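Okay, model.cif now, which holds mmCIF, C-alpha atoms:
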data_entry
loop_
_atom_site.label_atom_id
_atom_site.label_comp_id
_atom_site.auth_asym_id
_atom_site.auth_seq_id
_atom_site.Cartn_x
_atom_site.Cartn_y
_atom_site.Cartn_z
CA MET A 143 -151.10 19.13 73.05
CA LEU A 144 -149.07 20.25 70.01
CA LYS A 145 -147.79 23.29 71.92
CA ARG A 146 -146.54 20.97 74.66
CA LEU A 147 -144.82 18.68 72.17
CA LEU A 148 -143.06 21.39 70.15
CA PRO A 149 -140.41 22.18 72.80
CA LEU A 150 -139.70 18.46 73.16
CA ILE A 151 -139.43 18.00 69.39
CA CYS A 152 -137.11 21.00 69.06
CA THR A 153 -135.00 19.81 71.99
CA PHE A 154 -134.72 16.33 70.47
CA PHE A 155 -133.76 17.76 67.06
CA PHE A 156 -131.14 20.03 68.63
CA PHE A 157 -129.73 17.14 70.66
CA THR A 158 -129.55 14.94 67.56
CA ILE A 159 -127.57 17.57 65.64
CA GLU A 160 -125.25 18.29 68.56
CA ALA A 161 -124.70 14.57 69.16
CA ARG A 162 -122.66 14.43 65.99
CA THR A 163 -118.88 14.49 66.36
CA HIS A 164 -117.34 17.75 65.13
CA VAL A 165 -114.07 17.64 63.17
CA PHE A 166 -112.25 20.94 62.64
CA LEU A 167 -109.57 21.17 59.94
CA ILE A 168 -106.81 23.78 59.92
CA GLY A 169 -104.10 24.03 57.31
CA ASP A 170 -103.10 25.68 54.05
CA SER A 171 -104.32 25.50 50.44
CA THR A 172 -103.68 21.74 50.13
CA THR A 173 -106.43 21.29 52.75
CA GLU A 174 -108.58 24.31 51.83
CA THR A 175 -111.98 23.96 50.15
CA TRP A 176 -111.32 26.64 47.47
CA GLY A 177 -114.17 28.11 45.39
CA GLN A 178 -116.32 26.88 42.53
CA ASP A 179 -114.56 29.27 40.15
CA SER A 180 -111.37 27.23 40.68
CA TYR A 181 -112.95 23.81 40.09
CA PRO A 182 -111.62 21.14 40.04
CA CYS A 183 -108.77 22.56 42.17
CA MET A 184 -109.35 21.87 45.88
CA GLY A 185 -107.71 20.55 49.02
CA TRP A 186 -108.46 17.20 50.62
CA GLY A 187 -110.51 18.97 53.29
CA ALA A 188 -113.16 19.79 50.70
CA VAL A 189 -114.12 16.13 50.24
CA LEU A 190 -113.30 14.54 53.60
CA HIS A 191 -116.90 14.85 54.88
CA HIS A 192 -118.12 12.39 52.21
CA PHE A 193 -116.14 9.61 53.88
CA PHE A 194 -118.05 9.89 57.17
CA ASP A 195 -121.64 9.08 58.06
CA LYS A 196 -123.29 12.50 57.91
CA ASP A 197 -125.54 11.59 60.84
CA LYS A 198 -122.51 10.93 63.03
CA VAL A 199 -119.80 13.37 61.91
CA VAL A 200 -119.76 16.95 60.65
CA VAL A 201 -116.56 18.42 59.19
CA TYR A 202 -115.69 22.13 59.40
CA ASN A 203 -112.89 23.02 57.00
CA LYS A 204 -111.16 26.13 58.39
CA ALA A 205 -107.98 25.82 56.30
CA VAL A 206 -106.78 29.01 54.60
CA GLY A 207 -104.56 29.12 51.52
CA GLY A 208 -101.16 30.77 51.88
CA THR A 209 -100.91 30.27 55.64
CA SER A 210 -98.21 28.71 57.76
CA THR A 211 -98.50 27.66 61.39
CA LYS A 212 -97.29 31.12 62.39
CA SER A 213 -99.62 33.18 60.19
CA PHE A 214 -102.63 30.94 60.86
CA TYR A 215 -102.09 31.28 64.61
CA LYS A 216 -101.84 35.07 64.38
CA GLU A 217 -104.76 35.64 62.01
CA TYR A 218 -107.29 32.81 62.30
CA TRP A 219 -106.66 30.58 65.32
CA SER A 220 -108.65 32.56 67.89
CA ASN A 221 -111.84 32.15 65.82
CA VAL A 222 -111.32 28.40 65.44
CA ILE A 223 -110.48 27.54 69.04
CA ALA A 224 -113.50 29.53 70.22
CA LYS A 225 -115.77 27.05 68.41
CA ILE A 226 -114.08 23.85 69.61
CA SER A 227 -115.74 21.88 72.42
CA SER A 228 -115.15 18.72 74.40
CA GLY A 229 -115.26 15.58 72.25
CA ASP A 230 -114.38 17.42 69.05
CA TYR A 231 -111.39 16.66 66.84
CA LEU A 232 -108.82 19.10 65.48
CA PHE A 233 -106.95 18.01 62.35
CA VAL A 234 -103.75 20.03 61.80
CA SER A 235 -101.86 19.97 58.48
CA PHE A 236 -99.17 22.55 57.63
CA GLY A 237 -95.72 22.58 56.09
CA ALA A 238 -95.82 23.84 52.50
CA ASN A 239 -95.65 27.54 53.39
CA ASP A 240 -93.71 27.00 56.61
CA SER A 241 -90.84 25.60 54.53
CA ASN A 242 -90.87 28.42 51.96
CA THR A 243 -87.84 30.50 52.95
CA TYR A 244 -88.80 33.16 50.39
CA SER A 245 -92.05 33.86 52.26
CA SER A 246 -92.55 36.08 55.27
CA VAL A 247 -94.75 33.42 56.87
CA CYS A 248 -92.07 30.70 56.89
CA THR A 249 -90.94 29.05 60.13
CA THR A 250 -87.91 27.12 61.28
CA THR A 251 -88.65 23.53 62.24
CA ASP A 252 -88.35 24.47 65.92
CA GLU A 253 -90.87 27.29 65.48
CA PHE A 254 -93.09 24.95 63.47
CA ILE A 255 -93.11 22.34 66.25
CA ASN A 256 -93.81 25.01 68.87
CA TYR A 257 -96.83 26.36 66.99
CA ILE A 258 -98.12 22.81 66.52
CA GLY A 259 -97.82 22.44 70.26
CA ILE A 260 -99.91 25.56 70.82
CA PHE A 261 -102.70 24.12 68.64
CA CYS A 262 -102.57 20.70 70.33
CA ASN A 263 -102.47 22.00 73.90
CA ALA A 264 -105.26 24.51 73.33
CA ALA A 265 -107.49 21.82 71.79
CA ARG A 266 -106.80 19.41 74.66
CA GLY A 267 -107.50 22.20 77.10
CA LYS A 268 -111.07 22.26 75.79
CA GLY A 269 -111.44 18.46 75.84
CA ALA A 270 -110.84 17.98 72.10
CA ILE A 271 -108.53 15.49 70.40
CA PRO A 272 -105.80 16.86 68.08
CA VAL A 273 -104.63 14.82 65.08
CA LEU A 274 -101.51 15.81 63.10
CA LEU A 275 -101.12 15.27 59.36
CA SER A 276 -97.94 16.01 57.39
CA THR A 277 -98.27 18.16 54.28
CA VAL A 278 -99.20 16.87 50.82
CA ASN A 279 -96.11 16.23 48.68
CA ARG A 280 -95.33 18.42 45.70
CA ASN A 281 -95.47 17.10 42.12
CA TRP A 282 -91.88 18.00 41.19
CA TRP A 283 -89.83 15.69 38.98
CA SER A 284 -86.23 15.85 37.83
CA THR A 285 -85.29 15.86 34.15
CA ASN A 286 -84.54 12.13 34.33
CA GLY A 287 -88.01 11.37 35.69
CA GLU A 288 -87.26 11.04 39.41
CA LEU A 289 -89.68 12.51 41.94
CA LYS A 290 -87.95 15.07 44.17
CA GLN A 291 -88.27 15.37 47.93
CA THR A 292 -89.86 18.71 48.80
CA TYR A 293 -90.68 21.00 51.75
CA GLY A 294 -87.38 20.38 53.53
CA GLN A 295 -87.54 18.99 57.06
CA HIS A 296 -91.08 20.17 57.82
CA PRO A 297 -92.87 16.90 56.91
CA LYS A 298 -90.51 15.07 59.29
CA ALA A 299 -90.98 17.83 61.88
CA MET A 300 -94.72 17.15 61.92
CA GLN A 301 -94.00 13.55 62.85
CA GLU A 302 -91.61 14.75 65.56
CA ALA A 303 -94.34 17.03 66.88
CA ALA A 304 -96.75 14.09 67.02
CA VAL A 305 -94.29 12.20 69.23
CA LYS A 306 -93.53 15.24 71.39
CA TYR A 307 -97.18 16.04 72.02
CA ASN A 308 -98.41 12.41 72.12
CA THR A 309 -100.79 12.99 69.23
CA PRO A 310 -102.19 10.65 66.54
CA PHE A 311 -100.25 11.13 63.29
CA ILE A 312 -101.20 10.50 59.64
CA ASP A 313 -98.29 10.73 57.20
CA LEU A 314 -99.82 12.33 54.11
CA TYR A 315 -96.41 13.31 52.74
CA THR A 316 -95.01 9.76 52.58
CA PHE A 317 -98.30 8.40 51.28
CA GLY A 318 -98.41 11.00 48.48
CA TYR A 319 -94.73 10.55 47.61
CA ASN A 320 -95.06 6.78 47.29
CA LEU A 321 -98.36 7.05 45.41
CA SER A 322 -96.83 9.54 42.96
CA ASN A 323 -93.93 7.21 42.22
CA GLU A 324 -96.29 4.28 41.82
CA SER A 325 -98.61 6.17 39.45
CA GLY A 326 -95.87 7.86 37.43
CA ILE A 327 -95.35 11.41 36.26
CA GLU A 328 -98.11 11.49 33.61
CA TYR A 329 -100.92 10.23 35.82
CA ASN A 330 -99.86 12.19 38.88
CA THR A 331 -99.57 15.39 36.86
CA TYR A 332 -102.78 15.32 34.85
CA TYR A 333 -105.05 13.38 37.15
CA ARG A 334 -104.00 14.09 40.74
CA HIS A 335 -102.35 17.53 40.78
CA ASN A 336 -103.62 20.83 39.43
CA ASN A 337 -102.61 20.48 35.75
CA TYR A 338 -104.99 20.64 32.79
CA MET A 339 -105.05 20.71 29.02
CA PRO A 340 -106.49 23.88 27.39
CA ASN A 341 -110.31 23.96 27.61
CA GLU A 342 -110.39 20.80 29.72
CA TYR A 343 -112.23 22.76 32.43
CA ILE A 344 -114.15 26.03 32.26
CA ALA A 345 -111.95 27.68 34.90
CA TYR A 346 -108.79 27.03 32.87
CA PRO A 347 -109.39 27.83 29.19
CA GLU A 348 -105.65 28.10 28.57
CA GLY A 349 -104.78 25.06 30.65
CA LYS A 350 -102.83 25.02 33.91
CA GLU A 351 -99.44 23.93 35.26
CA ASP A 352 -99.35 23.64 39.05
CA GLY A 353 -97.41 21.03 40.99
CA VAL A 354 -98.37 22.26 44.47
CA HIS A 355 -102.16 22.00 44.59
CA LEU A 356 -104.55 19.11 44.05
CA GLN A 357 -107.47 18.62 41.74
CA GLU A 358 -110.60 16.85 42.95
CA THR A 359 -109.40 13.33 42.19
CA GLY A 360 -106.15 13.94 44.06
CA ALA A 361 -108.00 15.47 47.00
CA THR A 362 -110.20 12.35 47.09
CA ASP A 363 -107.14 10.07 47.09
CA PHE A 364 -105.75 11.83 50.18
CA ALA A 365 -109.11 11.96 51.98
CA ARG A 366 -109.60 8.25 51.35
CA TYR A 367 -106.17 7.51 52.78
CA ILE A 368 -106.91 9.55 55.91
CA VAL A 369 -110.04 7.53 56.58
CA GLU A 370 -108.30 4.23 55.84
CA GLU A 371 -105.59 5.11 58.38
CA ILE A 372 -108.22 6.02 60.96
CA GLU A 373 -110.09 2.75 60.40
CA LYS A 374 -107.04 0.55 60.87
CA SER A 375 -105.52 2.55 63.75
CA THR A 376 -105.23 0.91 67.16
CA ASP A 377 -105.24 4.33 68.84
CA LYS A 378 -108.39 4.39 70.97
CA ARG A 379 -108.61 8.17 70.57
CA LEU A 380 -109.61 7.65 66.94
CA LYS A 381 -112.24 4.98 67.61
CA THR A 382 -115.16 7.43 67.53
CA LEU A 383 -114.21 8.43 63.98
CA ALA A 384 -113.36 4.87 62.93
CA ASP A 385 -116.85 3.77 63.92
CA ALA A 386 -118.44 6.59 61.92
CA THR A 387 -117.00 6.16 58.42
CA ALA A 388 -119.34 5.82 55.46
CA PRO A 389 -119.59 2.70 53.25
CA ARG A 390 -117.41 2.79 50.14
CA TYR A 391 -118.12 1.16 46.80
CA ASN A 392 -115.84 -0.09 44.05
CA VAL A 393 -115.49 1.91 40.84
CA THR A 394 -113.49 0.10 38.17
CA PHE A 395 -112.28 1.35 34.81
CA ASP A 396 -111.06 -0.27 31.63
CA THR A 397 -110.67 0.58 27.95
CA ASP A 398 -111.04 -1.05 24.55
CA ASN A 399 -107.54 0.20 23.66
CA GLU A 400 -104.74 -1.45 25.65
CA SER A 401 -102.27 1.31 24.73
CA LYS A 402 -104.47 3.74 26.72
CA THR A 403 -104.69 1.64 29.90
CA SER A 404 -102.25 3.86 31.80
CA SER A 405 -103.99 7.04 30.63
CA ILE A 406 -107.43 6.57 32.14
CA SER A 407 -108.86 6.88 35.64
CA HIS A 408 -107.58 4.39 38.21
CA SER A 409 -110.00 2.03 39.92
CA ALA A 410 -110.71 2.83 43.58
CA THR A 411 -113.40 2.94 46.26
CA PHE A 412 -115.74 5.90 46.78
CA PRO A 413 -118.49 6.85 49.25
CA GLU A 414 -121.98 7.71 48.06
CA GLY A 415 -122.47 11.32 46.98
CA ILE A 416 -118.86 12.15 46.12
CA ASN A 417 -117.79 13.15 42.61
CA VAL A 418 -116.04 10.46 40.57
CA THR A 419 -114.07 11.71 37.57
CA LEU A 420 -113.95 9.54 34.47
CA LYS A 421 -110.97 10.85 32.56
CA SER A 422 -108.80 10.04 29.58
CA TYR A 423 -106.09 12.64 29.81
CA GLY A 424 -103.38 13.67 27.41
CA VAL A 425 -105.26 12.41 24.35
CA THR A 426 -105.21 14.16 21.00
CA VAL A 427 -108.32 15.12 19.06
CA ALA A 428 -107.85 12.00 16.95
CA ASP A 429 -107.74 9.88 20.13
CA LYS A 430 -110.91 11.38 21.59
CA CYS A 431 -112.79 8.79 23.59
CA PHE A 432 -116.25 8.43 25.04
CA TRP A 433 -117.49 6.59 28.12
CA LYS A 434 -119.84 3.64 28.56
CA ASN A 435 -121.35 2.28 31.77
CA ASP A 436 -121.56 -1.40 32.69
CA LYS A 437 -124.79 -1.73 30.69
CA GLY A 438 -123.04 -0.59 27.53
CA ASP A 439 -124.87 2.74 27.44
CA VAL A 440 -122.89 5.78 26.29
CA ILE A 441 -122.94 8.24 29.20
CA SER A 442 -120.51 10.83 27.82
CA LYS A 443 -118.77 11.74 24.58
CA ASP A 444 -116.15 13.82 26.38
CA ASN A 445 -112.72 12.76 27.60
CA VAL A 446 -113.68 14.07 31.05
CA TYR A 447 -116.96 13.16 32.70
CA VAL A 448 -117.90 13.74 36.36
CA TYR A 449 -120.26 11.20 37.90
CA ILE A 450 -121.92 11.39 41.34
CA MET A 451 -121.23 8.14 43.18
CA GLN A 452 -124.21 5.91 43.92
CA ASN A 453 -124.58 3.32 46.71
CA HIS A 454 -123.38 0.36 44.63
CA ASP A 455 -120.35 -0.74 42.62
CA GLU A 456 -119.84 0.78 39.17
CA HIS A 457 -117.80 -0.09 36.08
CA PHE A 458 -116.94 2.25 33.21
CA THR A 459 -115.17 1.75 29.89
CA ALA A 460 -113.24 4.33 27.89
CA VAL A 461 -114.01 3.59 24.23
CA TYR A 462 -111.62 4.70 21.48
CA ASN A 463 -112.23 2.19 18.71
CA GLU A 464 -115.71 3.02 17.47
CA PRO A 465 -117.34 6.25 16.34
CA SER A 466 -119.16 8.40 18.84
CA PRO A 467 -122.96 8.15 18.52
CA LEU A 468 -124.58 10.99 16.66
CA ASP A 469 -126.65 13.72 18.19
CA MET A 470 -129.55 15.06 16.13
CA ASP A 471 -127.75 18.37 15.72
CA GLU A 472 -124.71 16.70 14.14
CA PHE A 473 -126.44 15.99 10.84
CA LYS A 474 -129.17 17.49 8.70
CA LEU A 475 -131.58 15.75 6.34
CA PHE A 476 -132.80 17.82 3.38
CA LYS A 477 -135.41 15.99 1.18
CA ASP A 478 -133.12 13.36 -0.42
CA ARG A 479 -129.77 14.70 0.79
CA ILE A 480 -127.90 14.21 4.11
CA VAL A 481 -125.20 16.51 5.48
CA PHE A 482 -122.93 15.62 8.43
CA THR A 483 -121.49 18.50 10.44
CA ASP A 484 -119.13 16.65 12.82
CA ASN A 485 -116.38 16.11 10.23
CA GLN A 486 -116.41 12.35 10.85
CA LYS A 487 -116.76 9.44 8.46
CA HIS A 488 -120.11 7.62 8.62
CA HIS A 489 -121.66 4.54 7.04
CA ILE A 490 -125.17 5.05 5.69
CA GLU A 491 -127.73 2.57 4.44
CA ILE A 492 -131.10 3.33 2.82
CA TYR A 493 -134.00 0.87 2.66
CA ASN A 494 -137.44 1.04 1.15
CA PHE A 495 -140.44 0.16 3.31
CA TYR A 496 -140.30 -3.46 2.14
CA GLY A 497 -136.83 -3.86 3.70
CA CYS A 498 -134.95 -3.84 0.40
CA GLN A 499 -131.58 -2.08 0.65
CA LEU A 500 -131.14 0.67 -1.94
CA PHE A 501 -127.84 2.25 -0.83
CA SER A 502 -124.90 1.23 1.35
CA THR A 503 -121.92 3.55 1.34
CA ASP A 504 -119.39 5.43 3.45
CA ILE A 505 -119.54 9.21 3.38
CA HIS A 506 -117.69 12.05 5.06
CA CYS A 507 -119.79 15.21 4.77
CA SER A 508 -122.61 15.24 2.24
CA PHE A 509 -124.45 12.71 0.08
CA LEU A 510 -127.25 13.10 -2.47
CA PHE A 511 -129.63 10.12 -2.64
CA SER A 512 -131.31 10.98 -5.98
CA LEU A 513 -134.28 8.86 -4.95
CA PRO A 514 -137.73 8.88 -6.55
CA ALA A 515 -140.60 10.21 -4.47
CA GLY A 516 -141.57 7.89 -1.66
CA SER A 517 -140.92 6.88 1.96
CA TYR A 518 -137.61 5.38 3.09
CA ILE A 519 -135.61 4.22 6.12
CA LEU A 520 -132.18 5.77 6.73
CA ARG A 521 -129.72 3.88 8.93
CA ILE A 522 -126.52 5.58 10.17
CA ASP A 523 -123.46 3.61 11.38
CA GLY A 524 -125.65 0.54 11.85
CA LYS A 525 -127.33 2.08 14.91
CA LYS A 526 -129.50 5.13 14.31
CA SER A 527 -132.59 4.49 12.13
CA MET A 528 -135.09 7.09 10.97
CA LYS A 529 -137.87 7.49 8.46
CA PHE A 530 -137.71 10.15 5.74
CA ILE A 531 -139.89 11.11 2.81
CA VAL A 532 -138.80 12.31 -0.64
CA PRO A 533 -141.64 14.54 -1.94
#
This entry written out as structure tokens:
Amino acid sequence: MLKRLLPLICTFFFFTIEARTHVFLIGDSTTETWGQDSYPCMGWGAVLHHFFDKDKVVVYNKAVGGTSTKSFYKEYWSNVIAKISSGDYLFVSFGANDSNTYSSVCTTTDEFINYIGIFCNAARGKGAIPVLLSTVNRNWWSTNGELKQTYGQHPKAMQEAAVKYNTPFIDLYTFGYNLSNESGIEYNTYYRHNNYMPNEYIAYPEGKEDGVHLQETGATDFARYIVEEIEKSTDKRLKTLADATAPRYNVTFDTDNESKTSSISHSATFPEGINVTLKSYGVTVADKCFWKNDKGDVISKDNVYVYIMQNHDEHFTAVYNEPSPLDMDEFKLFKDRIVFTDNQKHHIEIYNFYGCQLFSTDIHCSFLFSLPAGSYILRIDGKKSMKFIVP
């Protein structure tokens, strides 16, 4: 009986997997997945799959950094189109390298539109649905703080191609440009694009200055926008994807220091399983913050903390105005002497076992109790209590 059922079970499992809608992405480094050794730098294609129901949609990110429409067609297109089938989607996003006149892979806008047409027509020829997306804007500001237009006429040419080839269009360039202006240079630089302080991330011990590529939070912003545009579109060709998006939950942020409100993560919606970055960027050592969840528990003592989104709303607070809780390895207790190793000021209290306070003082590094032999309770910063014995 089992032998008879096995082929049926395998056939059902195969059918279930194949019943999912396949979405193929082609583009350059602003779409590319990148590698773990570059984290958190990545393109929006690396996180797009989180925004869809995994049982209904599977995303294949075939974007390759450094490519234009011309070079991608010559080097990679044949492998991609061979895998595309009827009912699939092809997302096409180029422009950054096409517009680079110093590069051998650049294209004129006419060439650009023609190559886009090749991609669209080939996909349609196999029963797939092409979707065009203009390139991500560059984080490039003038000396007087104005965001510059970048990539020439290629973002507009993508829109022209969408009209010419009767293809759904998502304007990532205009979205990113407006969002950058709304957020401002500081937030857009250190939170959305690929710029980091020294030692902020393992991959960039000396920091990083890069206005072209995205970091994970920026990639998530663009992926979220793509899905929002799909959901509200009246184009029936996108309905299959619109009906397959994943639930999103609210993540809100605040701080106990109003002067830091513009320098912490922005509230947004996120699907389950995606990384959410809690970040206070641009702070000095003296301004170092730590993070609390909505229960008041300290979840991180670092300015940057990455949290995996759960299936419910979350709220986090960046705390600047109280000392970070101590770890056991940040102080040592020797008989009747305490030594702090974190170079911070702490308030200590010492009680006998009858609850009578013997000491209450502020100390910076080391303090000698000079207590007679006996058992005592040590309380640090009004929070951490521990028993110690003077022999």
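The space separating atom CA of Ser404 of chain A from atom CA of Val418 of chain A comes to 17.6 Å.
Shortest separation to Asn281 of chain A among A:Asn256, A:Gln295, A:Asn337, A:Ser245 occurs at residue A:Asn337, atoms counted being all atoms listed in the file.
Residues selected in this file by the PyMOL selection byres ((chain A and resi 447) around 10) comprise Asn417, Val418, Thr419, Leu420, Lys421, Ser422, Phe432, Trp433, Ile441, Ser442, Lys443, Asp444, Asn445, Val446, Val448 and Tyr449 of chain A.
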Per residue of segment 156-232 of chain A within 6 Å of segment 266-270 of chain A, what are the shortest atom pair and its distance in Å to one decimal, counting all atoms listed in the file, with rows by chain and residue number, as a Markdown table?
| residue | atom | partner | partner_atom | distance |
| --- | --- | --- | --- | --- |
| A:Ser227 | CA | A:Lys268 | CA | 5.8 |
| A:Ser228 | CA | A:Gly269 | CA | 4.0 |
| A:Gly229 | CA | A:Ala270 | CA | 5.0 |
| A:Asp230 | CA | A:Ala270 | CA | 4.7 |
| A:Tyr231 | CA | A:Ala270 | CA | 5.5 |
Written as JSON, numbers by chain, what is the full residue list that the PyMOL selection byres ((chain A and resi 253) around 12) yields on the file shown?
-> {"A": [210, 211, 212, 213, 215, 237, 240, 241, 247, 248, 249, 250, 251, 252, 254, 255, 256, 257, 258, 259, 260, 296, 299, 300, 303]}
Residues selected by the PyMOL selection byres ((chain A and resi 308) around 12), written as a PDB file with C-alpha atoms, keeping the file's coordinate frame:
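Generated output (expr.pdb):
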ATOM      1  CA  ILE A 258     -98.120  22.810  66.520  1.00  0.00           C
ATOM      2  CA  GLY A 259     -97.820  22.440  70.260  1.00  0.00           C
ATOM      3  CA  CYS A 262    -102.570  20.700  70.330  1.00  0.00           C
ATOM      4  CA  ASN A 263    -102.470  22.000  73.900  1.00  0.00           C
ATOM      5  CA  ARG A 266    -106.800  19.410  74.660  1.00  0.00           C
ATOM      6  CA  ILE A 271    -108.530  15.490  70.400  1.00  0.00           C
ATOM      7  CA  PRO A 272    -105.800  16.860  68.080  1.00  0.00           C
ATOM      8  CA  VAL A 273    -104.630  14.820  65.080  1.00  0.00           C
ATOM      9  CA  LEU A 274    -101.510  15.810  63.100  1.00  0.00           C
ATOM     10  CA  MET A 300     -94.720  17.150  61.920  1.00  0.00           C
ATOM     11  CA  GLN A 301     -94.000  13.550  62.850  1.00  0.00           C
ATOM     12  CA  GLU A 302     -91.610  14.750  65.560  1.00  0.00           C
ATOM     13  CA  ALA A 303     -94.340  17.030  66.880  1.00  0.00           C
ATOM     14  CA  ALA A 304     -96.750  14.090  67.020  1.00  0.00           C
ATOM     15  CA  VAL A 305     -94.290  12.200  69.230  1.00  0.00           C
ATOM     16  CA  LYS A 306     -93.530  15.240  71.390  1.00  0.00           C
ATOM     17  CA  TYR A 307     -97.180  16.040  72.020  1.00  0.00           C
ATOM     18  CA  THR A 309    -100.790  12.990  69.230  1.00  0.00           C
ATOM     19  CA  PRO A 310    -102.190  10.650  66.540  1.00  0.00           C
ATOM     20  CA  PHE A 311    -100.250  11.130  63.290  1.00  0.00           C
ATOM     21  CA  ASP A 377    -105.240   4.330  68.840  1.00  0.00           C
ATOM     22  CA  ARG A 379    -108.610   8.170  70.570  1.00  0.00           C
TER      23      ARG A 379
END
Looking at A:Val165, A:Val222, A:Cys183, A:Leu275, which one is nearest to Val354 of chain A, with distances taken over all atoms listed in the file?
-> A:Cys183
Kindly provide the residues of segment 336-425 of chain A that approach segment 450-465 of chain A to within 12 Å, each paired with its closest atom pair and their distance in Å to one decimal, based on only C-alpha atoms, listed by chain and increasing number, as a tab-separated table.
residue	atom	partner	partner_atom	distance
A:Ala388	CA	A:Asn453	CA	10.5
A:Pro389	CA	A:Asn453	CA	8.2
A:Arg390	CA	A:Asn453	CA	8.0
A:Tyr391	CA	A:Asp455	CA	5.1
A:Asn392	CA	A:Asp455	CA	4.8
A:Val393	CA	A:Glu456	CA	4.8
A:Thr394	CA	A:His457	CA	4.8
A:Phe395	CA	A:Phe458	CA	5.0
A:Asp396	CA	A:Thr459	CA	4.9
A:Thr397	CA	A:Ala460	CA	4.5
A:Asp398	CA	A:Val461	CA	5.5
A:Asn399	CA	A:Tyr462	CA	6.5
A:Glu400	CA	A:Tyr462	CA	10.1
A:Ser401	CA	A:Tyr462	CA	10.5
A:Lys402	CA	A:Ala460	CA	8.9
A:Thr403	CA	A:Ala460	CA	9.2
A:Ser404	CA	A:Ala460	CA	11.7
A:Ser405	CA	A:Ala460	CA	10.0
A:Ile406	CA	A:Ala460	CA	7.5
A:Ser407	CA	A:Ala460	CA	9.3
A:His408	CA	A:Phe458	CA	10.8
A:Ser409	CA	A:His457	CA	8.9
A:Ala410	CA	A:Asp455	CA	10.3
A:Thr411	CA	A:Asp455	CA	8.7
A:Phe412	CA	A:Met451	CA	6.9
A:Pro413	CA	A:Met451	CA	6.8
A:Glu414	CA	A:Met451	CA	5.0
A:Gly415	CA	A:Met451	CA	5.1
A:Ile416	CA	A:Met451	CA	5.5
A:Asn417	CA	A:Ile450	CA	4.7
A:Val418	CA	A:Ile450	CA	6.0
A:Thr419	CA	A:Ile450	CA	8.7
A:Leu420	CA	A:Phe458	CA	8.0
A:Lys421	CA	A:Ala460	CA	8.3
A:Ser422	CA	A:Ala460	CA	7.4
A:Tyr423	CA	A:Ala460	CA	11.1
A:Val425	CA	A:Tyr462	CA	10.4
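Of the residues under consideration (A:Ile327, A:Ile344, A:Ile368, A:Leu468), A:Ile368 shows the shortest atom-to-atom contact distance to Val278 of chain A when counting all atoms listed in the file.
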What gap, in Å, lies between atom CA of Asn221 of chain A and atom CA of Thr175 of chain A?
-> 17.7 Å
Leaving out segment 470-475 of chain A and any residue of its chain fewer than 5 positions from it, which residues lie within 9 Å of it when counting all atoms listed in the file, given as number ranges by chain?
-> A: 480-484, 530
Excluding Gly177 of chain A and any residue of its chain fewer than 5 positions from it, enumerate the residues within 12 Å of it, using only C-alpha atoms, and give them as a PyMOL selection string.
-> chain A and resi 171+182-185+188+206-207+345
